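Trainee: Structure in structure tokens, see below.
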Amino acid sequence: MNNFKYYAPTEVIFGRDVENEVGSELIKSEATKVLVHYGGQSAIKSGLLERVKKSIEETDIEYVMLGGVVPNPRLSKVREGIEICKEEEVDFVLAVGGGSVLDSAKAIAYGAVYSGDIWDFYDGKEQITSALPHGNIITLAATGSETSSSSVITNEETGDKVGVNTEYGRPEFTLMNPELTYTLPPYQTACGIVDIIMHTFERYFSPGGVNDMTDEIAEAVIRNTKRYGTIAMENPDDYDARSELLWSGSLSHINLTGLGRVGDWASHRLEHELSGMFDVAHGAGLSAIWGAWARYTYEEAPERFIRMGENAWGLDLKELDKKEAVETMINTVVEYFKTLGMPESTTELLGRSLTEEEILKLADNASKAGNKTLGSFKVINREDMINIFRMSV
Ligand code: NZQ
Ligand code: ZN
């Protein structure tokens, strides 16, 4: 087990009706003026936004609203939010929605206390050293942004989709009501299930010696997500299934499944290039790329795939040789994603094959023109990225 530090300061308030506690949570956070940030229609249609407003109106706290966050949240919306926060002297940012809304809210929180341009943080020119406090009501089990330190923003002018990790990204609180996820379209539920599994895989398929506690937590997250994912797809209003998924989403990205390991994250970085270029859903992009990544890299440590297959996917691989065992495990995962309606290739993701020109551009972007490698399980360079994208079609 490698040395590690663990810090997860977000207060988690979980269960039915918890969104109605938002007013009292804001009082605890000493908010006086809040930016309520949300997405397109879902939080309006479900009545969630009205309940949030009501809860805040029962306090002395003022608020301003900013909606319109789209999936793969845009830099322009973040800039709009920062301007509002500065003009209105907002001192707390409240996100109501999925991971895109939460990520946009985090970026606004960083930019509201910064005099330069917010993109400086995302293109690595500057480090984040302060932020407005922020919290959220999460409506989609997927990204784990509700407790994570990350925020991923798309610069729509350049097509760059970039994540930033900082302790200032940790929300003060998250209100997690599984019932709020009942209204998700099946496609978004499925994308979320893939993302939860992938956040766990990214940490599991990584170098390191014995790390059984962490590995077993990871295997439990996968077993649980797979089992309850199937149930939630069949019965969207199953409270238990939605609860298990929502909590697994947080657990998968709060780093409990990666303590003492150095995560890989290559599949995520390659996917961010796909969703930056083609504006596809993150979970679907991961589903399209993971099989190719796994087949390209497994020889680094086939035993990790075999252990994952046996402990989390219920496979009996003892009679098979290593190559067959790994192939069986990878096929099982890809088949599971397919049962959710997720793509098994970039061709299925996009409805056409990637062109050679696009593959080169994706690899150039991901490798910063050949100057950057990705991954830790297998360190991959630009050539490897090209090979993985070619294998993904
Ligand atoms: O805009 P509305 O109308 O709310 O619709 C959204 C959106 O169209 C809808 N939705 C959300 N909650 C709903 C709902 N529809 C009905 N009922 C509900 N309860 O779902 C659609 C997708 O929402 P989005 O927020 O984009 O999805 P997700 O939560 O999967 O977030 C994806 C974004 O997060 C980033 C991804 O790259 C992507 O940009 N990630 C963020 C991470 C983090 N901050 O830690 C880690 C992840 O690896 C990921 O990269
Ligand atoms: Zn993800």
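Scheme for the structure tokens: letters A, B, ... for chains in order shown; per-chain residue numbers from 1; ligand numbers from 1 in order shown.
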For A:Asp264, list every protein, DNA or RNA residue within 12 Å, evaluated using only C-alpha atoms, and leave out those in the same chain fewer than 2 positions away; present the list as a ChimeraX atom specification.
Mentor: /A:198-208,258,261-262,266-270,293-294,297,373-380
Trainee: Ligand 1: which residues are within 8 Å, counting only C-alpha atoms and all ligand atoms? Reply as a PyMOL selection string.
Mentor: chain A and resi 38-44+46+68-73+97-103+138-154+161+163+180-185+188+191-192+195+199+253+268+272+275+281-283
Trainee: Distance atom CA of A:Thr32-atom CA of A:Glu57, one decimal place?
Mentor: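 Taking atom CA of A:Thr32 and atom CA of A:Glu57, their separation equals 11.9 Å.
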Trainee: Using DSSP on the backbone coordinates, identify all residues within stretch 134-353 of chain A classified as strand (DSSP E); present the result as a list in words.
Mentor: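 The strand (DSSP E) residues within stretch 134-353 of chain A come out as His134, Gly135, Asn136, Ile137, Ile138, Ser150, Ser151, Val152, Ile153, Thr154, Asn155, Asp160, Lys161, Val162, Gly163, Val164, Asn165, Phe173, Thr174, Leu175 and Met176 of chain A.
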Trainee: Write the selection just made, keeping N, CA, C and O atoms, as a short mmCIF file (atom, residue, chain, number, x, y, z; two decimals), in the first residue's frame?
Mentor:
```cif
data_model
loop_
_atom_site.label_atom_id
_atom_site.label_comp_id
_atom_site.auth_asym_id
_atom_site.auth_seq_id
_atom_site.Cartn_x
_atom_site.Cartn_y
_atom_site.Cartn_z
N HIS A 134 -19.50 26.35 -1.66
CA HIS A 134 -20.54 25.84 -2.56
C HIS A 134 -21.10 24.53 -2.03
O HIS A 134 -20.43 23.81 -1.27
N GLY A 135 -22.34 24.23 -2.43
CA GLY A 135 -23.00 22.99 -2.04
C GLY A 135 -23.92 22.57 -3.16
O GLY A 135 -24.02 23.26 -4.18
N ASN A 136 -24.60 21.43 -2.99
CA ASN A 136 -25.41 20.96 -4.12
C ASN A 136 -26.56 20.06 -3.71
O ASN A 136 -26.56 19.46 -2.64
N ILE A 137 -27.51 19.99 -4.65
CA ILE A 137 -28.57 18.99 -4.61
C ILE A 137 -28.38 18.19 -5.90
O ILE A 137 -28.56 18.72 -6.99
N ILE A 138 -27.98 16.94 -5.76
CA ILE A 138 -27.60 16.15 -6.94
C ILE A 138 -28.81 15.39 -7.46
O ILE A 138 -29.58 14.82 -6.69
N SER A 150 -13.30 17.48 -8.16
CA SER A 150 -13.11 17.78 -9.59
C SER A 150 -14.20 18.66 -10.17
O SER A 150 -15.33 18.66 -9.71
N SER A 151 -13.81 19.31 -11.24
CA SER A 151 -14.76 20.05 -12.08
C SER A 151 -14.23 19.97 -13.50
O SER A 151 -13.03 20.17 -13.74
N VAL A 152 -15.12 19.64 -14.44
CA VAL A 152 -14.70 19.47 -15.84
C VAL A 152 -15.50 20.45 -16.70
O VAL A 152 -16.73 20.41 -16.70
N ILE A 153 -14.80 21.30 -17.43
CA ILE A 153 -15.46 22.36 -18.21
C ILE A 153 -15.01 22.26 -19.67
O ILE A 153 -13.86 21.94 -19.96
N THR A 154 -15.95 22.57 -20.57
CA THR A 154 -15.64 22.58 -22.00
C THR A 154 -15.54 24.02 -22.50
O THR A 154 -16.45 24.82 -22.29
N ASN A 155 -14.42 24.31 -23.13
CA ASN A 155 -14.24 25.60 -23.79
C ASN A 155 -14.80 25.45 -25.21
O ASN A 155 -14.17 24.82 -26.07
N ASP A 160 -11.80 22.25 -26.28
CA ASP A 160 -11.03 21.62 -25.18
C ASP A 160 -11.95 21.34 -24.00
O ASP A 160 -12.65 22.24 -23.52
N LYS A 161 -11.90 20.11 -23.53
CA LYS A 161 -12.66 19.74 -22.32
C LYS A 161 -11.63 19.36 -21.26
O LYS A 161 -10.87 18.41 -21.44
N VAL A 162 -11.60 20.12 -20.18
CA VAL A 162 -10.51 19.98 -19.22
C VAL A 162 -11.04 19.88 -17.80
O VAL A 162 -11.96 20.60 -17.42
N GLY A 163 -10.41 19.00 -17.01
CA GLY A 163 -10.77 18.85 -15.60
C GLY A 163 -9.73 19.49 -14.70
O GLY A 163 -8.54 19.52 -15.03
N VAL A 164 -10.19 20.01 -13.57
CA VAL A 164 -9.29 20.55 -12.57
C VAL A 164 -9.63 19.88 -11.24
O VAL A 164 -10.80 19.78 -10.88
N ASN A 165 -8.61 19.43 -10.54
CA ASN A 165 -8.81 18.88 -9.20
C ASN A 165 -8.21 19.82 -8.17
O ASN A 165 -7.05 20.21 -8.31
N PHE A 173 -21.70 20.85 1.43
CA PHE A 173 -22.70 19.82 1.71
C PHE A 173 -23.27 19.30 0.40
O PHE A 173 -23.19 19.96 -0.64
N THR A 174 -23.82 18.10 0.47
CA THR A 174 -24.61 17.58 -0.66
C THR A 174 -25.89 16.99 -0.10
O THR A 174 -25.88 16.28 0.90
N LEU A 175 -26.99 17.35 -0.75
CA LEU A 175 -28.30 16.80 -0.39
C LEU A 175 -28.65 15.76 -1.44
O LEU A 175 -28.77 16.08 -2.63
N MET A 176 -28.75 14.51 -1.01
CA MET A 176 -28.90 13.40 -1.96
C MET A 176 -30.21 12.67 -1.71
O MET A 176 -30.31 11.86 -0.79
#
```
Trainee: Which residue is closest to ligand 2? Choose from A:Ser29, A:Asn211, A:Ser250, A:Asn224 and count only C-alpha atoms and all ligand atoms.
Mentor: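 Among the listed residues, the smallest separation from ligand 2 belongs to A:Ser250.
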Trainee: Can you pull out the residues contacting stretch 6-9 of chain A? Cut-off 8 Å, using only C-alpha atoms, and skip same-chain residues under 5 positions away; I want them as a compact mmCIF listing (two decimals) with C-alpha atoms, in the first residue's frame.
Mentor:
```
# COMPACT_ATOMS: atom_id res chain seq x y z
CA THR A 147 -18.39 15.01 -3.04
CA ARG A 170 -15.09 20.00 -2.30
CA PRO A 171 -18.69 21.03 -1.66
CA GLU A 172 -19.64 22.04 1.89
CA ILE A 254 -14.48 10.06 -3.21
CA LEU A 259 -6.47 4.77 -1.45
```
Trainee: Can you list, as a VMD selection string, all residues belonging to stretch 187-391 of chain A that DSSP tags as helix (DSSP H, G or I)?
Mentor: chain A and resid 187 to 204 212 to 234 239 to 253 266 to 278 282 to 300 302 to 312 322 to 339 346 to 350 356 to 366 382 to 391
Trainee: My list of candidates is A:Lys45, A:Arg223, A:Arg79, A:Arg390. Which is closest to A:Leu315 when distances are computed with only C-alpha atoms?
Mentor: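 When distances to A:Leu315 are compared using only C-alpha atoms, the smallest one comes from A:Arg223.
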